Amino acid sequence: MPKPKIDAKLLESVARNSRISLTEGESRKFLKEMQEILDAFSKIDEVNVEKTRPSFQPVELKNVMRDDAAKKCLTQEEALSNTKHREKGYFRGPRVV
Amino acid sequence: MNAIEFVQKAQNAEISVVEHTHKILEEIKKKNPAYNHFNLIAEDFAIKQAEELEKQIRQNPEKAKSLKLLGLPVSVKDCICVKGIESRSGSKILSGYKPVFDATVVAKAKEQGAIILGKTSQDEFGFGSFGTNTGIDFKKPKNPHDVSRACGGSSAGAGGFTALTEFSHIALGESTGGSIACPASFCGVVGLTPTYGRVSRYGLIDYANSLDKIGTIAKSTKEAALLLQIISGNDEKDATSLKNPAENYIENLSSPLKGMKIAVIREFFGKGIDSGASKACWSALKAAEKTLGVKYEEVSLPLNAKYAIPAYYLIAMAEASTNLAKYCGMRYGMEEELKGNFDEYFTSVRSKFFGEEAKRRIILGTFTRMAGFRDAYYLRAMKLRTLLIEEYAKLFKKFDLIVHPTMPVVAPKFDDIEKLTPLENYMMDICTMPANLAGLPHASIPVGKSRNMPVGLMLTASHLQEARLIRAANAIEGACG
């Protein structure tokens with residue numbers, strides 16, 4: 001599959017998807033580096049993997065389930081203990097729109 | 001005194017656990033400003049543990065005698081959660097985060113009487129080969145053999161402090177692509193990385209879920225094995241934790257190696273590898289042949305040598321970019337005043353508090369998962385991983401163990417690291433990456449010096465062959481000594 005050329009517009013769109021705002025300096029630097037890195041990594045195209053199954057884990061794992069029983073979990077106080085943005089036992093977040 | 005002798009003496013009440021804890025804490029406080037091996041020294045926490053243990057020893061000496069790590073100081077890599085102790089994974093974005101639970105490995109070590117000293121320094125979220133990609137406001141850990149050089153990453157503080165300390169101690173480290181073996185090699189200590197899934201990842205601040213493995217670093221194989229034994233085994237809190245029980249790593253530690261067949265990987269001894277490092281590794285192999293009766297043969301691992309790095313980085317960055325999506329200034333870690341909509345707020349927090357390499361990997365990983373590119377990069381790398389694992393499996397049909405230098409260079413100087421491009425940085429992982437991508441257990445043991453800096457020999461065994469790996473590492477370490 002042909003690999004894309006990374007331009008400023010594509011980088012900006014990826015950064016936006018990543019919820020990261022790059023400074024001008026970072027953009028310039030990343031643009032050059034990303035192209036170099038992805039070109040080098042495209043070496044994987046040399047290997048025929050058409051009939052190969054992917055290894056999403058390095059060792060074989062079957063469906064891992066535990067008994068469907070209620071267990072102890074974090075208390076509300078514990079879950080909220082690491083934030084100052086809380087109200088009436090809930091997390092407070094930024095507005096949605 | 002090594003950790004094994006220390007525990008025996010503590011069990012026989014010949015040593016004061018409190019006194020030893022004070023001594024090692026004094027050493028850390030004195031030396032850390034120059035070496036930066038700790039991101040956090042948990043002084044009060046450690047002393048309290050020691051005092052409680054000593055009380056237990058007085059009240060119930062029989063129970064105390066059964067604790068396998070009684071009073072032993074253990075340092076914990078910053079990415080492994082310790083209840084009530086700030087755990088940042090080397091990143092500013094996790095500043096202030098105090099976990100409300102222990103990682104399973106920490107809970108297991110504590111149950112056996114270990115004393116948690118604090119959190120050791122690392123590349124931010126494990127994103128680095130030298131320990132120099134530290135997060136915003138973190139200091140770079142320095143190599144105890146030469147402070148102008150790096151410790152190796154990403155378990156940099158763990159490797160550095162293990163080499164530096166004069167006291168009994170074992171470190172908990174973590175490896176995604178070589179982050180235990182590399183600092184062990186650069187700092188002249190032993191690093192043990194288990195099979196993927198052998199040790200629970202519950203409570204590990206993740207980098208790449210299909211690659212992360214918690215392991216140990218110590219001055220000797222025996223000591224590293226002592227802690228690895230404690231933390232190994234199934235854990236229902238980690239769905240990728242393997243069901244079968246761990247072997248006993250200590251029981252047959254001294255069984256002879258005679259007749260063991262070792263594959264020497266040709267590609268990792270040639271071009272691009274420090275000649276002094278190659279020489280030290282060859283001397284170790286010849287000593288092992290002569291004194292231990294092992295047999296070795298030079299073989300090739302061509303697919304891994306060529307493709308493990310790109311496959312690894314494509315997988316690791318893709319997984320990292322999803323893992324790091326949760327850091328957004330809500331629930332824990334760095335927060336700001338809630339201004340703007342969620343998009344603006346999350347973007348502001350993430351842009352301010354992630355370091356440069358974290359941003360680079362998030363962006364690259366997000367790109368390789370985007371619609372239209374996912375099959376070309378991420379899925380293809382996952383398929384390639386199958387072929388790379390199969391290449392190892394073929395070798396393990398004929399050989400018991402695979403060896404090569406751990407790193408292509410000795411610990412580099414900070415000035416030289418700064419000149420490397422990100423891609424050149426990634427290429428430094430050429431020797432450690434293949435075994436990590438395949439989830440194979442491996443050890444790095446010190447086998448000599450080059451340019452006056454330590455050289456590590458890396459030994460890799462087949463999946464779940466930790467006992468064999470540890471036996472060989474222990475014997476070869478002895479043959480070199």
# chains A, B, ... in the order shown; residues from 1 in each chain; ligands from 1
>>> closest_atom_pairs(of="chain A", to="chain B", cutoff="8 Å", atoms="only C-alpha atoms", output="tab-separated table")
residue	atom	partner	partner_atom	distance
A:Met1	CA	B:Ala376	CA	6.4
A:Val14	CA	B:Phe367	CA	6.0
A:Ala15	CA	B:Ile363	CA	5.9
A:Asn17	CA	B:Thr366	CA	7.5
A:Ser18	CA	B:Ile363	CA	6.3
A:Arg19	CA	B:Thr347	CA	4.6
A:Ile20	CA	B:Ser351	CA	5.1
A:Ser21	CA	B:Ser351	CA	5.7
A:Leu22	CA	B:Ser351	CA	7.2
A:Phe30	CA	B:Arg360	CA	7.1
A:Glu33	CA	B:Pro422	CA	7.3
A:Met34	CA	B:Leu364	CA	7.1
A:Glu36	CA	B:Leu423	CA	7.5
A:Ile37	CA	B:Leu423	CA	5.9
A:Ala40	CA	B:Pro310	CA	7.5
A:Phe41	CA	B:Pro310	CA	4.7
A:Ser42	CA	B:Pro310	CA	7.7
A:Lys43	CA	B:Tyr307	CA	7.4
A:Ile44	CA	B:Tyr307	CA	6.4
A:Val47	CA	B:Leu384	CA	7.6
A:Val49	CA	B:Lys383	CA	6.2
A:Thr52	CA	B:Lys383	CA	5.8
A:Arg53	CA	B:Lys383	CA	5.6
A:Pro54	CA	B:Lys383	CA	3.8
A:Ser55	CA	B:Thr386	CA	5.3
A:Phe56	CA	B:Met382	CA	6.2
A:Gln57	CA	B:Ser210	CA	5.3
A:Pro58	CA	B:Gly439	CA	5.2
A:Val59	CA	B:Gly439	CA	6.9
A:Leu61	CA	B:Thr240	CA	7.0
A:Val64	CA	B:Ala239	CA	5.9
A:Met65	CA	B:Ala239	CA	7.7
A:Arg66	CA	B:Glu236	CA	7.2
A:Glu78	CA	B:Val100	CA	6.4
A:Ala79	CA	B:Val100	CA	7.9
A:Leu80	CA	B:Arg331	CA	6.9
A:Asn82	CA	B:Tyr332	CA	4.8
A:Thr83	CA	B:Arg331	CA	5.2
A:His85	CA	B:Met330	CA	7.5
A:Phe91	CA	B:Arg331	CA	6.8
A:Arg92	CA	B:Met330	CA	8.0
A:Gly93	CA	B:Met330	CA	6.7
A:Pro94	CA	B:Phe342	CA	4.9
A:Arg95	CA	B:Asn341	CA	4.8
A:Val96	CA	B:Asn341	CA	5.5
A:Val97	CA	B:Asn341	CA	5.6
>>> write_last_selection(atoms="C-alpha atoms", output="PDB file, in the first residue's frame")
ATOM      1  CA  MET A   1       0.000   0.000   0.000  1.00  0.00           C
ATOM      2  CA  VAL A  14      -3.430  14.108  13.545  1.00  0.00           C
ATOM      3  CA  ALA A  15      -2.417  16.465  16.365  1.00  0.00           C
ATOM      4  CA  ASN A  17      -7.217  14.042  16.886  1.00  0.00           C
ATOM      5  CA  SER A  18      -4.592  13.492  19.602  1.00  0.00           C
ATOM      6  CA  ARG A  19      -5.821  16.563  21.539  1.00  0.00           C
ATOM      7  CA  ILE A  20      -2.357  18.094  21.325  1.00  0.00           C
ATOM      8  CA  SER A  21      -1.698  21.593  20.130  1.00  0.00           C
ATOM      9  CA  LEU A  22       1.788  21.913  18.639  1.00  0.00           C
ATOM     10  CA  PHE A  30       7.872  16.774  13.992  1.00  0.00           C
ATOM     11  CA  GLU A  33      11.068  13.576  11.860  1.00  0.00           C
ATOM     12  CA  MET A  34       7.731  11.885  11.199  1.00  0.00           C
ATOM     13  CA  GLU A  36      11.905  10.107   8.253  1.00  0.00           C
ATOM     14  CA  ILE A  37      10.541   7.658  10.853  1.00  0.00           C
ATOM     15  CA  ALA A  40      12.177   3.886   7.675  1.00  0.00           C
ATOM     16  CA  PHE A  41       9.338   1.856   9.210  1.00  0.00           C
ATOM     17  CA  SER A  42       7.785   1.248   5.799  1.00  0.00           C
ATOM     18  CA  LYS A  43      10.500  -1.363   5.454  1.00  0.00           C
ATOM     19  CA  ILE A  44       7.938  -3.797   6.868  1.00  0.00           C
ATOM     20  CA  VAL A  47       7.705  -8.988   3.989  1.00  0.00           C
ATOM     21  CA  VAL A  49       2.214 -11.220   5.399  1.00  0.00           C
ATOM     22  CA  THR A  52      -0.243 -14.543   8.243  1.00  0.00           C
ATOM     23  CA  ARG A  53      -2.510 -14.086  11.243  1.00  0.00           C
ATOM     24  CA  PRO A  54      -1.752 -11.125  13.491  1.00  0.00           C
ATOM     25  CA  SER A  55      -0.307 -11.665  16.992  1.00  0.00           C
ATOM     26  CA  PHE A  56      -2.163  -9.152  19.123  1.00  0.00           C
ATOM     27  CA  GLN A  57      -0.403 -10.725  22.122  1.00  0.00           C
ATOM     28  CA  PRO A  58       3.021 -12.416  22.072  1.00  0.00           C
ATOM     29  CA  VAL A  59       1.695 -15.483  23.889  1.00  0.00           C
ATOM     30  CA  LEU A  61      -4.405 -16.101  25.428  1.00  0.00           C
ATOM     31  CA  VAL A  64     -10.207 -14.716  30.164  1.00  0.00           C
ATOM     32  CA  MET A  65     -13.290 -14.363  32.318  1.00  0.00           C
ATOM     33  CA  ARG A  66     -13.748 -14.217  36.035  1.00  0.00           C
ATOM     34  CA  GLU A  78     -11.144   6.811  47.014  1.00  0.00           C
ATOM     35  CA  ALA A  79     -12.125   7.338  43.385  1.00  0.00           C
ATOM     36  CA  LEU A  80     -12.460  11.074  43.960  1.00  0.00           C
ATOM     37  CA  ASN A  82      -7.034  12.543  43.366  1.00  0.00           C
ATOM     38  CA  THR A  83      -8.997  15.467  41.969  1.00  0.00           C
ATOM     39  CA  HIS A  85     -12.717  19.005  40.430  1.00  0.00           C
ATOM     40  CA  PHE A  91     -16.290  14.326  39.063  1.00  0.00           C
ATOM     41  CA  ARG A  92     -16.623  17.776  37.555  1.00  0.00           C
ATOM     42  CA  GLY A  93     -15.459  18.174  33.972  1.00  0.00           C
ATOM     43  CA  PRO A  94     -15.283  20.903  31.343  1.00  0.00           C
ATOM     44  CA  ARG A  95     -18.464  21.773  29.478  1.00  0.00           C
ATOM     45  CA  VAL A  96     -19.350  19.565  26.530  1.00  0.00           C
ATOM     46  CA  VAL A  97     -20.191  22.239  23.985  1.00  0.00           C
TER      47      VAL A  97
END
>>> residues_around(residues="B:Asn2", least_positions_apart="2", cutoff="10 Å", atoms="only C-alpha atoms", output="PyMOL selection string")
chain B and resi 4-7+166-170+218-220+222-223
>>> write_last_selection(atoms="N, CA and C atoms", output="mmCIF file, in the first residue's frame")
data_model
loop_
_atom_site.group_PDB
_atom_site.id
_atom_site.type_symbol
_atom_site.label_atom_id
_atom_site.label_comp_id
_atom_site.auth_asym_id
_atom_site.auth_seq_id
_atom_site.Cartn_x
_atom_site.Cartn_y
_atom_site.Cartn_z
ATOM 1 N N ILE B 4 20.198 -11.935 49.682
ATOM 2 C CA ILE B 4 19.833 -13.259 50.223
ATOM 3 C C ILE B 4 20.413 -13.419 51.633
ATOM 4 N N GLU B 5 21.683 -13.053 51.790
ATOM 5 C CA GLU B 5 22.313 -13.110 53.122
ATOM 6 C C GLU B 5 21.615 -12.148 54.079
ATOM 7 N N PHE B 6 21.250 -10.986 53.537
ATOM 8 C CA PHE B 6 20.577 -9.986 54.381
ATOM 9 C C PHE B 6 19.278 -10.554 54.962
ATOM 10 N N VAL B 7 18.466 -11.148 54.086
ATOM 11 C CA VAL B 7 17.167 -11.671 54.553
ATOM 12 C C VAL B 7 17.391 -12.768 55.607
ATOM 13 N N GLU B 166 25.554 0.794 48.429
ATOM 14 C CA GLU B 166 26.475 -0.079 49.179
ATOM 15 C C GLU B 166 25.686 -1.056 50.031
ATOM 16 N N PHE B 167 24.368 -0.926 49.997
ATOM 17 C CA PHE B 167 23.533 -1.731 50.901
ATOM 18 C C PHE B 167 22.736 -2.793 50.136
ATOM 19 N N SER B 168 22.145 -3.721 50.920
ATOM 20 C CA SER B 168 21.340 -4.776 50.306
ATOM 21 C C SER B 168 20.064 -4.161 49.747
ATOM 22 N N HIS B 169 19.740 -4.502 48.513
ATOM 23 C CA HIS B 169 18.605 -3.870 47.822
ATOM 24 C C HIS B 169 18.308 -4.626 46.532
ATOM 25 N N ILE B 170 17.049 -4.663 46.131
ATOM 26 C CA ILE B 170 16.654 -5.158 44.801
ATOM 27 C C ILE B 170 15.666 -4.147 44.222
ATOM 28 N N ALA B 218 19.135 -6.401 39.994
ATOM 29 C CA ALA B 218 19.908 -6.592 41.231
ATOM 30 C C ALA B 218 21.389 -6.694 40.876
ATOM 31 N N LYS B 219 22.209 -6.769 41.916
ATOM 32 C CA LYS B 219 23.660 -6.873 41.658
ATOM 33 C C LYS B 219 24.020 -8.253 41.119
ATOM 34 N N SER B 220 23.208 -9.280 41.430
ATOM 35 C CA SER B 220 23.512 -10.630 40.934
ATOM 36 C C SER B 220 22.228 -11.310 40.465
ATOM 37 N N LYS B 222 21.137 -14.266 41.284
ATOM 38 C CA LYS B 222 20.442 -14.899 42.414
ATOM 39 C C LYS B 222 19.499 -13.921 43.096
ATOM 40 N N GLU B 223 19.982 -12.710 43.304
ATOM 41 C CA GLU B 223 19.167 -11.705 43.993
ATOM 42 C C GLU B 223 17.979 -11.274 43.123
#
>>> atom_distance(atom1="atom CA of B:Ile265", atom2="atom CA of B:Glu391")
12.4 Å
>>> select_by_dssp(residues="stretch 69-185 of chain B", states="alpha helix (DSSP H)", output="list of chain:residue names")
B:Thr104, B:Val105, B:Val106, B:Ala107, B:Lys108, B:Ala109, B:Lys110, B:Glu111, B:Ala156, B:Gly157, B:Ala158, B:Gly159, B:Gly160, B:Phe161, B:Thr162, B:Ala163, B:Leu164, B:Ala181, B:Cys182, B:Pro183, B:Ala184, B:Ser185
>>> select_by_dssp(residues="chain A", states="strand (DSSP E)", output="ChimeraX atom specification")
/A:86-87,90-91
>>> write_last_selection(atoms="N, CA and C atoms", output="short mmCIF file (atom, residue, chain, number, x, y, z; two decimals), in the first residue's frame")
data_model
loop_
_atom_site.label_atom_id
_atom_site.label_comp_id
_atom_site.auth_asym_id
_atom_site.auth_seq_id
_atom_site.Cartn_x
_atom_site.Cartn_y
_atom_site.Cartn_z
N ARG A 86 -14.44 18.19 41.92
CA ARG A 86 -15.50 17.27 42.30
C ARG A 86 -16.63 18.03 42.99
N GLU A 87 -17.79 17.44 42.89
CA GLU A 87 -18.96 18.13 43.46
C GLU A 87 -20.00 17.08 43.81
N TYR A 90 -19.44 13.58 42.71
CA TYR A 90 -19.20 13.32 41.29
C TYR A 90 -17.92 14.03 40.83
N PHE A 91 -17.37 13.58 39.70
CA PHE A 91 -16.29 14.33 39.06
C PHE A 91 -16.91 15.52 38.35
#
>>> atom_distance(atom1="atom CA of B:Lys397", atom2="atom CA of B:Leu301")
13.9 Å
>>> residues_around(residues="stretch 143-160 of chain B", least_positions_apart="3", cutoff="6 Å", atoms="only C-alpha atoms", output="ChimeraX atom specification")
/B:37,120-123,126,128-131,163-164,171,173,179-180,182-184,186-187,411-414
>>> write_last_selection(atoms="N, CA and C atoms", output="PDB file, in the first residue's frame")
ATOM      1  N   HIS B  37      18.664   9.168  40.818  1.00  0.00           N
ATOM      2  CA  HIS B  37      18.090   7.832  40.598  1.00  0.00           C
ATOM      3  C   HIS B  37      16.672   7.708  41.151  1.00  0.00           C
ATOM      4  N   THR B 120      11.778   5.130  41.462  1.00  0.00           N
ATOM      5  CA  THR B 120      12.996   5.395  40.692  1.00  0.00           C
ATOM      6  C   THR B 120      12.684   6.081  39.357  1.00  0.00           C
ATOM      7  N   SER B 121      13.680   6.843  38.899  1.00  0.00           N
ATOM      8  CA  SER B 121      13.505   7.677  37.716  1.00  0.00           C
ATOM      9  C   SER B 121      13.491   6.863  36.429  1.00  0.00           C
ATOM     10  N   GLN B 122      12.911   7.451  35.399  1.00  0.00           N
ATOM     11  CA  GLN B 122      12.732   6.745  34.122  1.00  0.00           C
ATOM     12  C   GLN B 122      12.469   7.746  33.015  1.00  0.00           C
ATOM     13  N   ASP B 123      12.563   7.274  31.766  1.00  0.00           N
ATOM     14  CA  ASP B 123      12.070   8.082  30.657  1.00  0.00           C
ATOM     15  C   ASP B 123      10.567   8.236  30.861  1.00  0.00           C
ATOM     16  N   GLY B 126       8.266   5.545  29.955  1.00  0.00           N
ATOM     17  CA  GLY B 126       9.111   4.482  29.382  1.00  0.00           C
ATOM     18  C   GLY B 126       9.560   4.774  27.959  1.00  0.00           C
ATOM     19  N   GLY B 128      12.004   5.761  25.995  1.00  0.00           N
ATOM     20  CA  GLY B 128      13.390   6.120  25.727  1.00  0.00           C
ATOM     21  C   GLY B 128      14.351   4.972  25.963  1.00  0.00           C
ATOM     22  N   SER B 129      15.531   5.084  25.389  1.00  0.00           N
ATOM     23  CA  SER B 129      16.537   4.032  25.504  1.00  0.00           C
ATOM     24  C   SER B 129      17.651   4.405  26.476  1.00  0.00           C
ATOM     25  N   PHE B 130      17.677   5.649  26.923  1.00  0.00           N
ATOM     26  CA  PHE B 130      18.821   6.091  27.727  1.00  0.00           C
ATOM     27  C   PHE B 130      18.460   6.665  29.096  1.00  0.00           C
ATOM     28  N   GLY B 131      17.185   6.828  29.357  1.00  0.00           N
ATOM     29  CA  GLY B 131      16.778   7.476  30.618  1.00  0.00           C
ATOM     30  C   GLY B 131      16.868   8.978  30.526  1.00  0.00           C
ATOM     31  N   ALA B 163      23.479  -0.311  40.961  1.00  0.00           N
ATOM     32  CA  ALA B 163      24.941  -0.317  40.842  1.00  0.00           C
ATOM     33  C   ALA B 163      25.583   0.542  41.930  1.00  0.00           C
ATOM     34  N   LEU B 164      24.906   1.625  42.301  1.00  0.00           N
ATOM     35  CA  LEU B 164      25.506   2.605  43.206  1.00  0.00           C
ATOM     36  C   LEU B 164      25.481   2.193  44.676  1.00  0.00           C
ATOM     37  N   ALA B 171      15.698  -3.995  42.877  1.00  0.00           N
ATOM     38  CA  ALA B 171      14.826  -3.012  42.233  1.00  0.00           C
ATOM     39  C   ALA B 171      13.710  -3.700  41.450  1.00  0.00           C
ATOM     40  N   GLY B 173      11.713  -3.179  38.176  1.00  0.00           N
ATOM     41  CA  GLY B 173      11.785  -2.417  36.933  1.00  0.00           C
ATOM     42  C   GLY B 173      10.663  -2.840  36.005  1.00  0.00           C
ATOM     43  N   SER B 179      13.729  -2.173  28.449  1.00  0.00           N
ATOM     44  CA  SER B 179      13.950  -1.188  29.515  1.00  0.00           C
ATOM     45  C   SER B 179      14.477  -1.750  30.822  1.00  0.00           C
ATOM     46  N   ILE B 180      14.633  -3.059  30.920  1.00  0.00           N
ATOM     47  CA  ILE B 180      15.318  -3.645  32.079  1.00  0.00           C
ATOM     48  C   ILE B 180      16.736  -4.037  31.651  1.00  0.00           C
ATOM     49  N   CYS B 182      18.613  -2.974  29.142  1.00  0.00           N
ATOM     50  CA  CYS B 182      19.495  -1.865  28.752  1.00  0.00           C
ATOM     51  C   CYS B 182      20.159  -1.195  29.957  1.00  0.00           C
ATOM     52  N   PRO B 183      19.400  -0.723  30.948  1.00  0.00           N
ATOM     53  CA  PRO B 183      20.090  -0.118  32.099  1.00  0.00           C
ATOM     54  C   PRO B 183      20.944  -1.118  32.871  1.00  0.00           C
ATOM     55  N   ALA B 184      20.534  -2.391  32.899  1.00  0.00           N
ATOM     56  CA  ALA B 184      21.359  -3.405  33.569  1.00  0.00           C
ATOM     57  C   ALA B 184      22.713  -3.477  32.873  1.00  0.00           C
ATOM     58  N   PHE B 186      24.206  -1.146  30.853  1.00  0.00           N
ATOM     59  CA  PHE B 186      24.973   0.109  30.959  1.00  0.00           C
ATOM     60  C   PHE B 186      25.538   0.327  32.376  1.00  0.00           C
ATOM     61  N   CYS B 187      24.839  -0.202  33.386  1.00  0.00           N
ATOM     62  CA  CYS B 187      25.267   0.054  34.768  1.00  0.00           C
ATOM     63  C   CYS B 187      26.015  -1.135  35.383  1.00  0.00           C
ATOM     64  N   ALA B 411      27.371   2.606  27.682  1.00  0.00           N
ATOM     65  CA  ALA B 411      26.579   3.783  28.063  1.00  0.00           C
ATOM     66  C   ALA B 411      27.130   5.041  27.388  1.00  0.00           C
ATOM     67  N   PRO B 412      26.320   5.709  26.583  1.00  0.00           N
ATOM     68  CA  PRO B 412      26.827   6.904  25.890  1.00  0.00           C
ATOM     69  C   PRO B 412      26.847   8.155  26.769  1.00  0.00           C
ATOM     70  N   LYS B 413      27.632   9.132  26.326  1.00  0.00           N
ATOM     71  CA  LYS B 413      27.690  10.407  27.046  1.00  0.00           C
ATOM     72  C   LYS B 413      26.446  11.224  26.717  1.00  0.00           C
ATOM     73  N   PHE B 414      26.028  12.041  27.686  1.00  0.00           N
ATOM     74  CA  PHE B 414      24.828  12.869  27.479  1.00  0.00           C
ATOM     75  C   PHE B 414      24.975  13.755  26.233  1.00  0.00           C
TER      76      PHE B 414
END
>>> residues_around(residues="stretch 199-204 of chain B", least_positions_apart="5", cutoff="8 Å", atoms="only C-alpha atoms", output="NGL selection string")
:B and (79-81 or 101-105 or 194 or 212-215 or 231-235 or 237-238 or 240-241)
>>> residues_around(residues="B:Ala263", least_positions_apart="6", cutoff="12 Å", atoms="only C-alpha atoms", output="list in words")
Leu285, Val294, Lys295, Tyr296, Glu297, Glu298, Val299, Ser300, Leu301, Tyr392, Lys394, Leu395, Phe396, Lys397, Lys398, Phe399, Asp400, Leu401, Ile402, Val403, His404, Met458, Leu459, Thr460 and Ala461 of chain B
>>> closest_residue(among="B:Asn425, B:Thr216, B:Ser278, B:Asn252", to="B:Ala443", atoms="only C-alpha atoms")
B:Thr216
>>> atom_distance(atom1="atom CA of B:Glu251", atom2="atom CA of B:Ala107")
23.8 Å
>>> residues_around(residues="B:Pro446", least_positions_apart="4", cutoff="6 Å", atoms="only C-alpha atoms", output="JSON, numbers by chain")
{"B": [188, 189, 455, 456]}
